file protein00.txt (compact mmCIF, C-alpha atoms and all ligand atoms)
# COMPACT_ATOMS: atom_id res chain seq x y z
CA MET B 1 242.63 93.20 157.28
CA TRP B 2 241.80 94.69 160.69
CA LEU B 3 243.25 91.63 162.53
CA ARG B 4 246.58 91.74 160.54
CA SER B 5 247.01 95.44 160.97
CA ALA B 6 246.06 95.08 164.64
CA ASN B 7 249.00 92.57 165.13
CA SER B 8 251.43 95.06 163.68
CA ILE B 9 250.37 97.86 166.09
CA THR B 10 253.21 98.67 168.53
CA GLU B 11 252.50 99.26 172.22
CA LYS B 12 253.10 103.01 171.76
CA ASN B 13 250.54 103.22 168.99
CA MET B 14 248.14 101.12 171.05
CA LYS B 15 248.28 103.78 173.77
CA LYS B 16 247.49 106.40 171.13
CA LEU B 17 244.57 104.31 169.90
CA ILE B 18 243.21 103.92 173.44
CA LEU B 19 243.54 107.66 174.00
CA LEU B 20 241.85 108.38 170.67
CA ALA B 21 239.08 105.91 171.47
CA GLY B 22 238.64 107.59 174.85
CA LEU B 23 238.39 111.02 173.26
CA CYS B 24 235.97 109.80 170.63
CA SER B 25 233.85 108.03 173.20
CA SER B 26 233.85 111.14 175.41
CA SER B 27 232.76 113.45 172.58
CA LEU B 28 230.29 110.74 171.51
CA LEU B 29 229.08 110.65 175.13
CA ALA B 30 228.40 114.35 174.84
CA ALA B 31 226.68 113.95 171.47
CA SER B 32 222.90 113.82 171.33
CA ALA B 33 220.99 111.17 169.43
CA GLN B 34 220.99 113.47 166.37
CA GLY B 35 224.83 113.36 166.40
CA GLN B 36 225.01 116.96 167.65
CA GLN B 37 227.45 117.90 170.42
CA GLU B 38 225.50 118.64 173.66
CA LEU B 39 226.43 121.33 176.14
CA HIS B 40 224.77 121.56 179.57
CA PHE B 41 224.45 125.26 180.48
CA LEU B 42 223.83 125.99 184.17
CA HIS B 43 222.60 129.53 184.95
CA TRP B 44 220.06 131.48 187.00
CA TRP B 45 218.35 133.40 184.20
CA THR B 46 214.74 132.35 184.80
CA SER B 47 212.66 135.54 184.57
CA THR B 48 210.83 136.28 181.30
CA GLY B 49 213.53 138.65 180.12
CA GLU B 50 216.39 136.50 181.33
CA VAL B 51 215.01 133.41 179.56
CA GLN B 52 214.88 135.34 176.30
CA SER B 53 218.51 136.32 176.80
CA ALA B 54 219.60 132.82 177.79
CA ASN B 55 217.90 131.51 174.64
CA LEU B 56 220.31 133.59 172.56
CA VAL B 57 223.09 131.29 173.80
CA LYS B 58 221.06 128.32 172.60
CA THR B 59 220.29 129.75 169.15
CA GLU B 60 223.85 131.00 168.61
CA LEU B 61 225.43 127.61 169.37
CA ALA B 62 222.79 125.76 167.35
CA LYS B 63 224.17 127.58 164.29
CA HIS B 64 227.35 125.58 164.97
CA GLN B 65 225.56 122.24 165.50
CA ILE B 66 225.99 122.50 169.28
CA LYS B 67 222.86 121.61 171.23
CA VAL B 68 222.50 123.48 174.52
CA VAL B 69 220.75 121.59 177.30
CA ASP B 70 219.45 124.34 179.59
CA VAL B 71 220.01 123.86 183.34
CA PRO B 72 218.18 126.91 184.80
CA VAL B 73 218.12 127.39 188.60
CA ARG B 74 215.69 130.04 189.87
CA GLY B 75 216.88 132.69 192.32
CA GLY B 76 217.83 136.30 191.55
CA GLY B 77 221.53 136.87 192.08
CA GLY B 78 222.25 133.18 191.65
CA THR B 79 222.75 131.90 195.21
CA PRO B 80 220.81 128.64 194.65
CA ALA B 81 222.44 128.18 191.22
CA LYS B 82 225.91 128.51 192.73
CA SER B 83 225.08 125.87 195.34
CA ILE B 84 223.88 123.44 192.65
CA LEU B 85 227.02 124.12 190.59
CA GLN B 86 229.21 123.38 193.62
CA ALA B 87 227.37 120.13 194.36
CA ARG B 88 227.62 118.94 190.75
CA ALA B 89 231.30 119.82 190.41
CA ILE B 90 232.23 118.09 193.65
CA ALA B 91 230.24 115.04 192.56
CA GLY B 92 232.31 114.93 189.37
CA ASN B 93 229.37 115.91 187.19
CA PRO B 94 229.84 119.60 186.37
CA PRO B 95 227.90 121.24 183.55
CA GLU B 96 230.12 121.93 180.55
CA LEU B 97 229.17 125.64 180.67
CA ALA B 98 228.15 127.75 183.69
CA GLN B 99 227.28 131.36 184.45
CA ILE B 100 229.58 132.51 187.24
CA GLU B 101 230.70 135.91 188.47
CA GLY B 102 233.42 137.68 190.37
CA PRO B 103 236.03 136.11 192.66
CA ALA B 104 234.36 132.71 192.21
CA ILE B 105 236.14 132.50 188.83
CA LYS B 106 239.52 132.48 190.58
CA ALA B 107 238.24 130.03 193.18
CA TRP B 108 237.10 127.51 190.56
CA ALA B 109 240.31 128.03 188.55
CA THR B 110 242.49 127.52 191.64
CA LEU B 111 240.87 124.11 192.14
CA GLY B 112 241.56 123.14 188.53
CA PHE B 113 237.93 122.88 187.45
CA LEU B 114 238.07 125.31 184.52
CA HIS B 115 239.48 125.21 181.01
CA PRO B 116 241.96 128.08 180.45
CA LEU B 117 240.94 130.48 177.66
CA THR B 118 244.16 132.48 177.36
CA SER B 119 244.78 131.52 173.74
CA LEU B 120 241.34 132.88 172.84
CA ALA B 121 241.99 136.05 174.85
CA LYS B 122 245.14 136.59 172.79
CA ASP B 123 243.36 135.88 169.48
CA GLN B 124 240.60 138.34 170.38
CA GLN B 125 243.00 140.90 171.92
CA TRP B 126 241.18 141.07 175.27
CA GLU B 127 244.08 143.04 176.76
CA GLU B 128 243.24 145.89 174.36
CA THR B 129 239.48 145.49 173.95
CA LEU B 130 238.17 144.72 177.46
CA TYR B 131 237.74 147.39 180.17
CA PRO B 132 240.58 146.95 182.73
CA PHE B 133 238.12 146.28 185.59
CA VAL B 134 236.55 143.56 183.43
CA ARG B 135 239.86 141.84 182.56
CA SER B 136 241.31 141.30 186.01
CA ILE B 137 238.38 139.38 187.52
CA GLN B 138 238.44 136.78 184.70
CA GLN B 139 242.05 135.83 185.40
CA TYR B 140 244.02 133.61 187.74
CA ASN B 141 247.81 133.34 187.71
CA GLY B 142 247.95 135.31 184.46
CA ASP B 143 245.57 133.02 182.57
CA TYR B 144 241.96 133.75 181.56
CA TYR B 145 239.38 131.26 182.88
CA ALA B 146 236.08 132.83 181.81
CA ILE B 147 234.60 134.98 179.08
CA PRO B 148 233.11 138.23 180.37
CA VAL B 149 229.66 138.65 178.81
CA THR B 150 227.77 141.52 180.51
CA VAL B 151 228.44 144.67 182.51
CA HIS B 152 225.33 145.34 184.59
CA ARG B 153 225.00 148.67 186.40
CA LEU B 154 223.45 148.33 189.86
CA ASN B 155 223.13 151.96 191.02
CA TRP B 156 219.99 152.58 188.99
CA MET B 157 216.68 154.02 190.17
CA TRP B 158 213.82 152.96 187.88
CA VAL B 159 210.86 155.36 188.02
CA ASN B 160 207.31 155.06 186.75
CA HIS B 161 207.18 158.75 185.86
CA ASN B 162 203.49 158.63 184.89
CA LYS B 163 202.59 157.61 188.44
CA LEU B 164 205.12 160.07 189.91
CA ALA B 165 203.40 162.91 188.04
CA GLU B 166 199.95 161.59 188.98
CA TYR B 167 200.95 161.87 192.65
CA GLN B 168 202.48 165.30 192.00
CA GLN B 169 205.97 164.28 193.01
CA THR B 170 209.34 164.95 191.36
CA VAL B 171 212.41 162.77 190.88
CA PRO B 172 214.50 162.91 194.11
CA GLN B 173 218.10 164.11 193.75
CA THR B 174 219.19 163.17 197.28
CA TRP B 175 218.35 160.36 199.75
CA GLU B 176 216.65 162.96 201.96
CA GLN B 177 214.40 163.97 199.05
CA LEU B 178 213.77 160.29 198.24
CA ILE B 179 212.61 159.66 201.81
CA THR B 180 210.32 162.71 201.60
CA VAL B 181 208.79 161.43 198.33
CA PHE B 182 208.43 157.92 199.80
CA ASN B 183 206.60 159.38 202.80
CA ALA B 184 204.29 161.42 200.54
CA LEU B 185 203.44 158.34 198.46
CA LYS B 186 202.89 156.27 201.59
CA GLN B 187 200.45 158.93 202.84
CA LYS B 188 198.49 158.36 199.62
CA GLY B 189 198.39 154.63 200.32
CA VAL B 190 200.98 153.82 197.64
CA MET B 191 203.86 151.34 198.08
CA PRO B 192 206.69 153.66 196.93
CA LEU B 193 209.35 151.00 196.27
CA ALA B 194 209.02 147.83 194.17
CA ILE B 195 211.13 145.36 196.11
CA GLY B 196 211.00 141.74 197.29
CA ASN B 197 211.80 141.04 200.94
CA GLU B 198 214.88 138.87 200.42
CA PRO B 199 218.52 139.51 201.43
CA TRP B 200 219.79 139.97 197.84
CA GLN B 201 217.20 142.67 196.98
CA VAL B 202 217.24 144.41 200.38
CA GLY B 203 221.05 144.32 200.30
CA GLN B 204 221.09 146.15 196.96
CA LEU B 205 219.12 149.02 198.51
CA PHE B 206 221.65 149.39 201.34
CA GLU B 207 224.62 149.02 198.97
CA ASN B 208 223.27 151.90 196.87
CA ILE B 209 222.83 154.10 199.94
CA ALA B 210 226.26 153.31 201.42
CA PHE B 211 228.12 153.66 198.12
CA SER B 212 226.52 157.00 197.28
CA ILE B 213 226.78 158.50 200.79
CA GLY B 214 230.33 157.38 201.57
CA GLY B 215 231.84 157.22 198.08
CA GLN B 216 234.21 154.72 196.55
CA ALA B 217 237.07 154.90 199.08
CA PHE B 218 234.75 154.53 202.08
CA TYR B 219 232.78 151.70 200.45
CA GLN B 220 235.96 149.81 199.57
CA LYS B 221 237.40 150.15 203.09
CA ALA B 222 234.21 149.50 205.03
CA PHE B 223 232.45 146.79 203.06
CA ILE B 224 235.14 145.12 200.98
CA GLU B 225 238.01 145.25 203.46
CA LEU B 226 235.60 145.25 206.44
CA ASP B 227 237.97 147.73 208.10
CA ALA B 228 236.75 148.19 211.70
CA ASP B 229 237.25 151.98 211.77
CA ALA B 230 235.57 152.53 208.41
CA LEU B 231 232.67 150.31 209.53
CA SER B 232 232.17 152.46 212.63
CA SER B 233 232.56 155.77 210.75
CA PRO B 234 229.79 158.42 210.48
CA SER B 235 229.14 157.36 206.86
CA THR B 236 228.08 153.88 207.99
CA TYR B 237 225.78 155.31 210.65
CA GLU B 238 224.28 157.74 208.13
CA ALA B 239 223.73 154.96 205.57
CA LEU B 240 222.10 152.71 208.18
CA SER B 241 219.92 155.61 209.33
CA LYS B 242 218.60 156.22 205.79
CA PHE B 243 218.16 152.44 205.35
CA ARG B 244 216.12 152.32 208.60
CA GLN B 245 214.00 155.33 207.63
CA ILE B 246 213.06 153.60 204.36
CA SER B 247 212.24 150.34 206.17
CA ASN B 248 209.99 152.30 208.55
CA ILE B 249 208.08 153.75 205.56
CA ILE B 250 207.64 150.56 203.51
CA GLY B 251 207.90 147.87 206.21
CA ASP B 252 204.18 147.22 206.55
CA LYS B 253 203.77 146.83 202.77
CA LEU B 254 206.87 144.71 202.29
CA ILE B 255 206.16 141.32 200.66
CA GLU B 256 208.23 138.38 199.47
CA GLN B 257 208.48 138.60 195.69
CA ARG B 258 211.14 137.97 193.05
CA TRP B 259 212.92 141.01 191.60
CA ASP B 260 211.15 140.50 188.26
CA GLN B 261 207.74 140.45 189.97
CA ALA B 262 208.73 143.76 191.56
CA SER B 263 209.60 145.08 188.07
CA GLN B 264 206.13 144.07 186.87
CA SER B 265 204.53 145.95 189.79
CA LEU B 266 206.59 149.02 188.78
CA LEU B 267 205.39 148.66 185.19
CA ARG B 268 201.76 148.34 186.34
CA GLY B 269 202.16 151.42 188.50
CA ASP B 270 201.45 149.61 191.79
CA SER B 271 204.83 150.98 192.88
CA VAL B 272 206.67 154.07 191.67
CA PHE B 273 210.37 153.22 192.15
CA GLN B 274 212.65 150.18 191.89
CA ILE B 275 216.32 150.32 192.93
CA SER B 276 218.14 147.46 191.23
CA GLY B 277 220.45 146.51 188.37
CA ASP B 278 219.65 147.06 184.71
CA TRP B 279 218.47 143.48 184.33
CA VAL B 280 215.26 145.37 185.13
CA ALA B 281 215.54 147.00 181.70
CA GLY B 282 215.83 143.57 180.10
CA GLU B 283 212.71 142.48 181.96
CA LEU B 284 210.71 145.57 181.00
CA MET B 285 211.74 145.26 177.34
CA SER B 286 210.79 141.56 177.25
CA THR B 287 207.32 142.44 178.56
CA THR B 288 206.55 145.25 176.14
CA GLY B 289 208.92 144.45 173.26
CA GLU B 290 210.77 147.71 173.75
CA PHE B 291 211.75 149.97 176.64
CA PRO B 292 208.38 151.22 178.01
CA ASP B 293 207.54 154.96 177.67
CA SER B 294 206.19 155.02 181.23
CA ILE B 295 209.54 154.17 182.82
CA SER B 296 212.69 156.32 183.23
CA CYS B 297 216.08 155.49 184.71
CA TYR B 298 218.21 157.71 186.95
CA PRO B 299 221.44 156.95 188.80
CA THR B 300 220.55 156.52 192.49
CA PRO B 301 221.15 159.83 194.33
CA SER B 302 224.89 160.47 194.61
CA LYS B 303 227.27 163.40 194.91
CA THR B 304 229.47 162.13 192.04
CA ALA B 305 228.92 160.22 188.82
CA SER B 306 229.55 156.67 190.00
CA PHE B 307 229.16 153.18 188.65
CA LEU B 308 228.34 150.12 190.77
CA TYR B 309 228.62 146.98 188.65
CA ASN B 310 228.58 143.25 188.35
CA ILE B 311 229.78 141.12 185.42
CA ASP B 312 228.22 137.89 184.15
CA SER B 313 230.89 135.50 182.91
CA PHE B 314 230.74 132.10 181.22
CA ALA B 315 233.18 129.44 182.41
CA PHE B 316 233.89 126.02 180.86
CA PHE B 317 234.27 123.11 183.22
CA ASN B 318 236.88 120.42 182.73
CA SER B 319 235.06 117.18 182.03
CA ALA B 320 235.26 114.08 179.88
CA GLN B 321 232.44 115.63 177.85
CA LEU B 322 234.28 118.83 176.97
CA SER B 323 237.88 118.98 175.82
CA GLU B 324 239.91 122.16 175.99
CA THR B 325 239.71 122.45 172.21
CA GLU B 326 235.91 122.20 172.30
CA ALA B 327 235.75 124.71 175.16
CA LEU B 328 237.83 127.21 173.18
CA LYS B 329 235.61 126.73 170.14
CA VAL B 330 232.43 127.44 172.10
CA ALA B 331 234.06 130.32 174.00
CA GLY B 332 235.09 131.85 170.67
CA ILE B 333 231.48 131.79 169.48
CA LEU B 334 230.08 133.29 172.71
CA SER B 335 232.70 136.05 172.91
CA SER B 336 232.30 137.26 169.32
CA LYS B 337 231.51 140.96 168.99
CA GLN B 338 228.20 140.26 167.26
CA PHE B 339 227.02 137.84 169.94
CA LEU B 340 228.06 140.20 172.75
CA HIS B 341 226.23 143.07 171.02
CA ASP B 342 223.04 141.06 170.57
CA PHE B 343 223.10 139.46 174.03
CA ASN B 344 223.59 142.70 175.98
CA LEU B 345 221.00 144.50 173.88
CA LYS B 346 218.41 141.97 175.06
CA LYS B 347 219.75 141.64 178.63
CA GLY B 348 219.66 145.38 179.45
CA SER B 349 223.39 145.41 180.21
CA ILE B 350 226.31 146.83 178.20
CA PRO B 351 229.09 144.87 176.45
CA THR B 352 232.33 144.10 178.25
CA ARG B 353 234.37 145.20 175.20
CA LYS B 354 235.05 148.88 174.52
CA ASP B 355 234.82 148.41 170.73
CA ILE B 356 231.13 147.45 170.40
CA GLU B 357 228.70 150.16 169.22
CA LEU B 358 225.41 150.31 171.18
CA THR B 359 223.38 150.29 167.98
CA GLY B 360 219.71 149.70 168.83
CA TYR B 361 220.27 149.82 172.60
CA ASN B 362 217.76 151.42 174.99
CA GLN B 363 218.50 154.91 176.29
CA CYS B 364 219.39 153.65 179.78
CA ALA B 365 222.11 151.37 178.42
CA VAL B 366 223.50 154.25 176.38
CA LYS B 367 223.59 156.41 179.54
CA SER B 368 225.11 153.50 181.46
CA GLN B 369 228.04 153.38 179.06
CA GLN B 370 228.44 157.18 179.17
CA ASP B 371 228.41 157.18 182.98
CA LEU B 372 230.86 154.27 183.04
CA GLN B 373 233.35 156.24 180.94
CA GLN B 374 233.03 159.19 183.35
CA ALA B 375 233.29 156.98 186.46
CA ILE B 376 236.43 155.35 185.04
CA GLN B 377 237.93 158.84 184.66
CA THR B 378 237.07 159.81 188.25
CA GLY B 379 237.88 156.43 189.82
CA ASN B 380 234.26 155.81 190.89
CA VAL B 381 233.77 152.33 189.45
CA MET B 382 232.89 149.83 192.17
CA PRO B 383 232.24 146.07 192.17
CA SER B 384 229.02 145.05 193.89
CA ILE B 385 229.38 143.14 197.16
CA VAL B 386 225.72 142.20 197.12
CA ASP B 387 226.04 140.74 193.64
CA SER B 388 229.08 138.56 194.20
CA MET B 389 231.77 140.75 192.68
CA ALA B 390 233.87 141.80 195.63
CA VAL B 391 234.10 139.49 198.62
CA SER B 392 234.00 135.79 199.45
CA PRO B 393 230.54 134.17 199.38
CA LEU B 394 230.79 133.65 203.14
CA ILE B 395 231.37 137.35 203.85
CA GLN B 396 228.71 138.32 201.31
CA LYS B 397 226.17 135.99 202.95
CA ALA B 398 227.03 137.19 206.48
CA ALA B 399 226.77 140.87 205.48
CA LEU B 400 223.49 140.36 203.60
CA ASN B 401 221.94 138.48 206.51
CA GLU B 402 222.96 141.23 208.95
CA LEU B 403 221.45 143.95 206.74
CA PHE B 404 218.30 141.90 206.09
CA ARG B 405 217.81 141.42 209.85
CA PHE B 406 218.30 145.17 210.48
CA PHE B 407 215.81 146.09 207.73
CA ASN B 408 213.16 143.72 209.06
CA ASP B 409 213.63 144.09 212.82
CA PRO B 410 213.44 147.60 214.33
CA THR B 411 214.96 146.29 217.57
CA VAL B 412 218.27 145.63 215.80
CA THR B 413 220.44 148.74 216.20
CA SER B 414 223.12 150.22 213.94
CA ASP B 415 225.67 149.36 216.62
CA ASP B 416 224.58 145.70 216.46
CA VAL B 417 225.11 145.59 212.67
CA ILE B 418 228.47 147.34 212.82
CA LEU B 419 229.72 145.10 215.63
CA HIS B 420 228.61 141.93 213.80
CA LEU B 421 230.29 143.05 210.56
CA GLN B 422 233.47 143.86 212.47
CA ASN B 423 233.33 140.35 213.94
CA VAL B 424 232.92 138.83 210.46
CA SER B 425 236.19 140.44 209.43
CA LYS B 426 237.91 138.90 212.48
CA THR B 427 237.17 135.44 211.10
CA GLY B 428 239.84 136.16 208.51
CA ILE B 429 237.66 134.80 205.70
CA ALA B 430 239.02 136.07 202.43
CA PHE B 431 239.49 134.91 198.91
C1 LIG B 501 222.66 138.87 188.72
C2 LIG B 501 223.06 138.55 187.29
C3 LIG B 501 222.19 139.27 186.31
C4 LIG B 501 220.72 139.18 186.65
C5 LIG B 501 220.42 139.24 188.15
C6 LIG B 501 219.02 138.83 188.52
O1 LIG B 501 223.51 138.21 189.60
O2 LIG B 501 224.39 138.96 187.11
O3 LIG B 501 222.48 138.77 185.01
O4 LIG B 501 220.18 138.09 186.05
O5 LIG B 501 221.31 138.45 188.88
O6 LIG B 501 218.88 137.46 188.50

call {"tool": "encode", "arguments": {"input": "protein00.txt", "output": "structure tokens", "more": "lines below"}}
Ligand code: GAL
result
Amino acid sequence: MWLRSANSITEKNMKKLILLAGLCSSSLLAASAQGQQELHFLHWWTSTGEVQSANLVKTELAKHQIKVVDVPVRGGGGTPAKSILQARAIAGNPPELAQIEGPAIKAWATLGFLHPLTSLAKDQQWEETLYPFVRSIQQYNGDYYAIPVTVHRLNWMWVNHNKLAEYQQTVPQTWEQLITVFNALKQKGVMPLAIGNEPWQVGQLFENIAFSIGGQAFYQKAFIELDADALSSPSTYEALSKFRQISNIIGDKLIEQRWDQASQSLLRGDSVFQISGDWVAGELMSTTGEFPDSISCYPTPSKTASFLYNIDSFAFFNSAQLSETEALKVAGILSSKQFLHDFNLKKGSIPTRKDIELTGYNQCAVKSQQDLQQAIQTGNVMPSIVDSMAVSPLIQKAALNELFRFFNDPTVTSDDVILHLQNVSKTGIAF
């Protein structure tokens, strides 16, 4: 039977058979021994809280007989993970699914590595349901190439208010007051700020100071456009001065630790403040099961209600193991309203869609969404440079290294930093 029917197959049909066999073999290749489809998920969510969030991806897809093979790469902010992703993609062995953020989405799409998701965006009405600042960064040439999963706020000051009261201090409303409180705590032998001595964490501190002192227009011009005049403006000098004053207070107690270890020291009360994104909330909730009573959140001191953000997105890499149809199916599951609600609730972030109620969310996330609405009204919503949302990785790395050097070496002057950043812009690196 097979032989006879095989003789009657025309050449055109044979090509279809070969293509079909190829597709079957590829999806079979991706299938695990149990006949489930396998999806390699590369991400940098490795802290206790982040692992719990990443596991939601695994459990959600398992409901659809899709087995997630975790590919976690440690390193807050994802620099090592992004290097591994690049190496794998160039070697022709990309993960089917990867956490990426910011302009990198366009970069990967430009090179043809990503499955387009525009049909899903239309089905789910992303043009109506996503915040405008969320939509644009997921697109290239009018097509969507990633699903936006989280909006993390970065201009947060986490305070152990039990320890603050114990040391008879109050919550600072300005950077001058913060420096006074830091000095008072230091006098009592307390490390005021929970922070790890690495460029990504130290850079967040400076970014918060510069954004709040200079405001959105200054920050955009100076640190996203690297405009020479803006970089040498009084706002930059003032921000670097505050940055230096803080380094002088905490420098001798500064240690190398991951951001989540710093969060644990805040929770224990070994430190009183942490200035970082609301992934800290996810970490604190994972440790105690709910947002701890001992911790409060305040926007970092600023003259106006402002919102400094990054967005975690999921992108689907073109590979023999994942067809466009399969990518759209998985993307549909991971961009459902229920999944986005549940994921952000655990992660400490807020959903990227405007039409998801924050039922069950911690009070900081609720305030984050309220402040975001206000910042959208006043035009004070800003992508984080430090967390890969605003400039090319090369400029980000150069700027972070300059700021890290300044924070750690009192012989480096503000003029040195400003001159070096002005030189970076002369290289013409841009996305
Ligand atoms: C950010 C990421 C967050 C959080 C943080 C710490 O880049 O967007 O989801 O995990 O790193 O690793």

call {"tool": "residues_near_ligand", "arguments": {"input": "protein00.txt", "ligand": "ligand LIG 501 (chain B)", "cutoff": "8 Å", "atoms": "only C-alpha atoms and all ligand atoms", "output": "list of chain:residue names"}}
result
B:Trp44, B:Trp45, B:Thr46, B:Ser47, B:Glu50, B:Gly75, B:Gly76, B:Gly77, B:Gly78, B:Glu101, B:Thr150, B:His152, B:Trp259, B:Gly277, B:Trp279, B:Asn310, B:Ile311, B:Asp312, B:Lys347, B:Asp387, B:Ser388

call {"tool": "atom_distance", "arguments": {"input": "protein00.txt", "atom1": "CA of Ser313 in chain B", "atom2": "CA of Ala146 in chain B"}}
result
5.9 Å

call {"tool": "axis_aligned_box", "arguments": {"input": "protein00.txt", "around": "range 149-161 of chain B", "padding_each_side": "6 Å", "output": "lines of an AutoDock Vina configuration file"}}
result
center_x = 218.4
center_y = 148.7
center_z = 184.9
size_x = 34.5
size_y = 32.1
size_z = 24.2

call {"tool": "closest_atom_pairs", "arguments": {"input": "protein00.txt", "of": "range 33-98 of chain B", "to": "range 288-295 of chain B", "cutoff": "12 Å", "atoms": "only C-alpha atoms", "output": "Markdown table"}}
result
| residue | atom | partner | partner_atom | distance |
| --- | --- | --- | --- | --- |
| B:Thr48 | CA | B:Thr288 | CA | 11.2 |
| B:Gly49 | CA | B:Gly289 | CA | 10.1 |
| B:Gln52 | CA | B:Gly289 | CA | 11.3 |

call {"tool": "residues_near_point", "arguments": {"input": "protein00.txt", "point": "(225.3, 141.5, 167.4)", "cutoff": "12 Å", "atoms": "only C-alpha atoms", "output": "CSV table (one decimal) with C-alpha atoms, in the coordinates of the input"}}
result
chain,number,residue,atom,x,y,z
B,56,LEU,CA,220.3,133.6,172.6
B,60,GLU,CA,223.8,131.0,168.6
B,333,ILE,CA,231.5,131.8,169.5
B,334,LEU,CA,230.1,133.3,172.7
B,335,SER,CA,232.7,136.0,172.9
B,336,SER,CA,232.3,137.3,169.3
B,337,LYS,CA,231.5,141.0,169.0
B,338,GLN,CA,228.2,140.3,167.3
B,339,PHE,CA,227.0,137.8,169.9
B,340,LEU,CA,228.1,140.2,172.8
B,341,HIS,CA,226.2,143.1,171.0
B,342,ASP,CA,223.0,141.1,170.6
B,343,PHE,CA,223.1,139.5,174.0
B,344,ASN,CA,223.6,142.7,176.0
B,345,LEU,CA,221.0,144.5,173.9
B,346,LYS,CA,218.4,142.0,175.1
B,351,PRO,CA,229.1,144.9,176.4
B,356,ILE,CA,231.1,147.4,170.4
B,357,GLU,CA,228.7,150.2,169.2
B,358,LEU,CA,225.4,150.3,171.2
B,359,THR,CA,223.4,150.3,168.0
B,360,GLY,CA,219.7,149.7,168.8
B,361,TYR,CA,220.3,149.8,172.6

call {"tool": "closest_residue", "arguments": {"input": "protein00.txt", "among": "B:Leu114, B:Ile255, B:Ile275, B:Leu42", "to": "Arg153 in chain B", "atoms": "all atoms listed in the file"}}
result
B:Ile275

call {"tool": "closest_residue", "arguments": {"input": "protein00.txt", "among": "B:Tyr167, B:Phe206, B:Phe113, B:Trp200", "to": "Leu185 in chain B", "atoms": "only C-alpha atoms"}}
result
B:Tyr167

call {"tool": "residues_around", "arguments": {"input": "protein00.txt", "residues": "range 244-248 of chain B", "least_positions_apart": "4", "cutoff": "8 Å", "atoms": "only C-alpha atoms", "output": "list in words"}}
result
Ile179, Phe182, Leu240, Asp252, Phe406, Phe407, Asn408 and Pro410 of chain B

call {"tool": "write_last_selection", "arguments": {"input": "protein00.txt", "atoms": "C-alpha atoms", "output": "PDB file, keeping the file's coordinate frame"}}
result
ATOM      1  CA  ILE B 179     212.610 159.660 201.810  1.00  0.00           C
ATOM      2  CA  PHE B 182     208.430 157.920 199.800  1.00  0.00           C
ATOM      3  CA  LEU B 240     222.100 152.710 208.180  1.00  0.00           C
ATOM      4  CA  ASP B 252     204.180 147.220 206.550  1.00  0.00           C
ATOM      5  CA  PHE B 406     218.300 145.170 210.480  1.00  0.00           C
ATOM      6  CA  PHE B 407     215.810 146.090 207.730  1.00  0.00           C
ATOM      7  CA  ASN B 408     213.160 143.720 209.060  1.00  0.00           C
ATOM      8  CA  PRO B 410     213.440 147.600 214.330  1.00  0.00           C
TER       9      PRO B 410
END

call {"tool": "residues_around", "arguments": {"input": "protein00.txt", "residues": "range 90-92 of chain B", "least_positions_apart": "6", "cutoff": "12 Å", "atoms": "all atoms listed in the file", "output": "list in words"}}
result
Ser83, Ile84, Trp108, Leu111, Gly112, Phe113, Phe317, Asn318, Ser319, Ala320 and Gln321 of chain B

call {"tool": "atom_distance", "arguments": {"input": "protein00.txt", "atom1": "CA of Leu205 in chain B", "atom2": "CA of Lys106 in chain B"}}
result
27.4 Å

call {"tool": "residues_around", "arguments": {"input": "protein00.txt", "residues": "Lys188 in chain B", "least_positions_apart": "6", "cutoff": "12 Å", "atoms": "all atoms listed in the file", "output": "PDB file with C-alpha atoms, in the frame of the given file"}}
result
ATOM      1  CA  LYS B 163     202.590 157.610 188.440  1.00  0.00           C
ATOM      2  CA  LEU B 164     205.120 160.070 189.910  1.00  0.00           C
ATOM      3  CA  GLU B 166     199.950 161.590 188.980  1.00  0.00           C
ATOM      4  CA  TYR B 167     200.950 161.870 192.650  1.00  0.00           C
ATOM      5  CA  GLN B 168     202.480 165.300 192.000  1.00  0.00           C
ATOM      6  CA  GLN B 169     205.970 164.280 193.010  1.00  0.00           C
ATOM      7  CA  VAL B 181     208.790 161.430 198.330  1.00  0.00           C
ATOM      8  CA  PHE B 182     208.430 157.920 199.800  1.00  0.00           C
ATOM      9  CA  SER B 271     204.830 150.980 192.880  1.00  0.00           C
TER      10      SER B 271
END

call {"tool": "closest_residue", "arguments": {"input": "protein00.txt", "among": "B:Val280, B:Ala89, B:Ala98, B:Leu193", "to": "Ala54 in chain B", "atoms": "only C-alpha atoms"}}
result
B:Ala98

call {"tool": "closest_residue", "arguments": {"input": "protein00.txt", "among": "B:Ala228, B:Val190, B:Ala262, B:Ala210", "to": "Thr300 in chain B", "atoms": "all atoms listed in the file"}}
result
B:Ala210

call {"tool": "closest_residue", "arguments": {"input": "protein00.txt", "among": "B:Gln187, B:Phe307, B:Arg74, B:Ile395", "to": "Arg258 in chain B", "atoms": "all atoms listed in the file"}}
result
B:Arg74

call {"tool": "closest_residue", "arguments": {"input": "protein00.txt", "among": "B:His115, B:His43, B:Arg268, B:Lys122", "to": "Asn162 in chain B", "atoms": "all atoms listed in the file"}}
result
B:Arg268

call {"tool": "atom_distance", "arguments": {"input": "protein00.txt", "atom1": "CA of Ile350 in chain B", "atom2": "CA of Gln369 in chain B"}}
result
6.8 Å

call {"tool": "residues_near_point", "arguments": {"input": "protein00.txt", "point": "(218.8, 138.3, 198.9)", "cutoff": "9 Å", "atoms": "all atoms listed in the file", "output": "list in words"}}
result
Gly75, Gly76, Gly77, Thr79, Gly196, Asn197, Glu198, Pro199, Trp200, Gln201, Val202, Gly203, Gln204, Val386, Lys397, Leu400, Asn401 and Phe404 of chain B
